[in-house]
Amino acid sequence: ARPAVAATLQRARAAGVHRNSGTMALACALTDASPECFYQPYRDVLPTSVDHLPLFWSAEDISLLAGTPLADEIEDRRGAIEADCDALGLMDPEPRRAFQVAEALVLSRAFDFDEGRKRAMVPFADLLNSNRHTRRHVDFSYEDD
């Protein structure tokens, strides 16, 4: 999956997408449909429905938020994800929806680390990432053999 993700990111950058590449990389990895994919066990525990996330609410539901910052944020985020799909060349509905779902999962679960220079999804630790407005501190470390 890694070479495919790298190639996809290169295409997106060539198309002018220079933001959000950590999120995009993780989303691309999550959309790898190969059962041999390194990330398959993690994908198996992720939700299959994202209809509860504001990005996937109906226009009618979002209209109830008119005049709030959340309504604007949802529209901005939707626009950014649509731009990412366009830059990746995802025009067919099924792969486009798969990427939208994957990016929403990343946005709702990923952690920034290394002073914000890297982004990662950590199985089950993503449960801690439930409110982006709450101050929290999580350190990830490992030892090389």
# chains A, B, ... in the order shown; residues from 1 in each chain; ligands from 1

$ residues_around --residues "stretch 33-50 of chain A" --least-positions-apart "4" --cutoff "10 Å" --atoms "only C-alpha atoms" --output "PyMOL selection string"
chain A and resi 1-2+29+54-57+100-102+104-105+109+121-124

$ residues_around --residues "stretch 79-81 of chain A" --least-positions-apart "4" --cutoff "9 Å" --atoms "only C-alpha atoms" --output "MDAnalysis selection string"
chainID A and resid 74:75 85:86 99:100 103:104

$ atom_distance --atom1 "atom CA of A:Glu73" --atom2 "atom CA of A:Asp61"
14.3 Å

$ atom_distance --atom1 "atom CA of A:Ile62" --atom2 "atom CA of A:Arg78"
12.1 Å

$ closest_residue --among "A:Leu53, A:Ala83, A:Ala27, A:Ala7" --to "A:Ala110" --atoms "only C-alpha atoms"
A:Ala27

$ closest_residue --among "A:Val106, A:Ala71, A:Asp51, A:Glu82" --to "A:Ala120" --atoms "only C-alpha atoms"
A:Val106
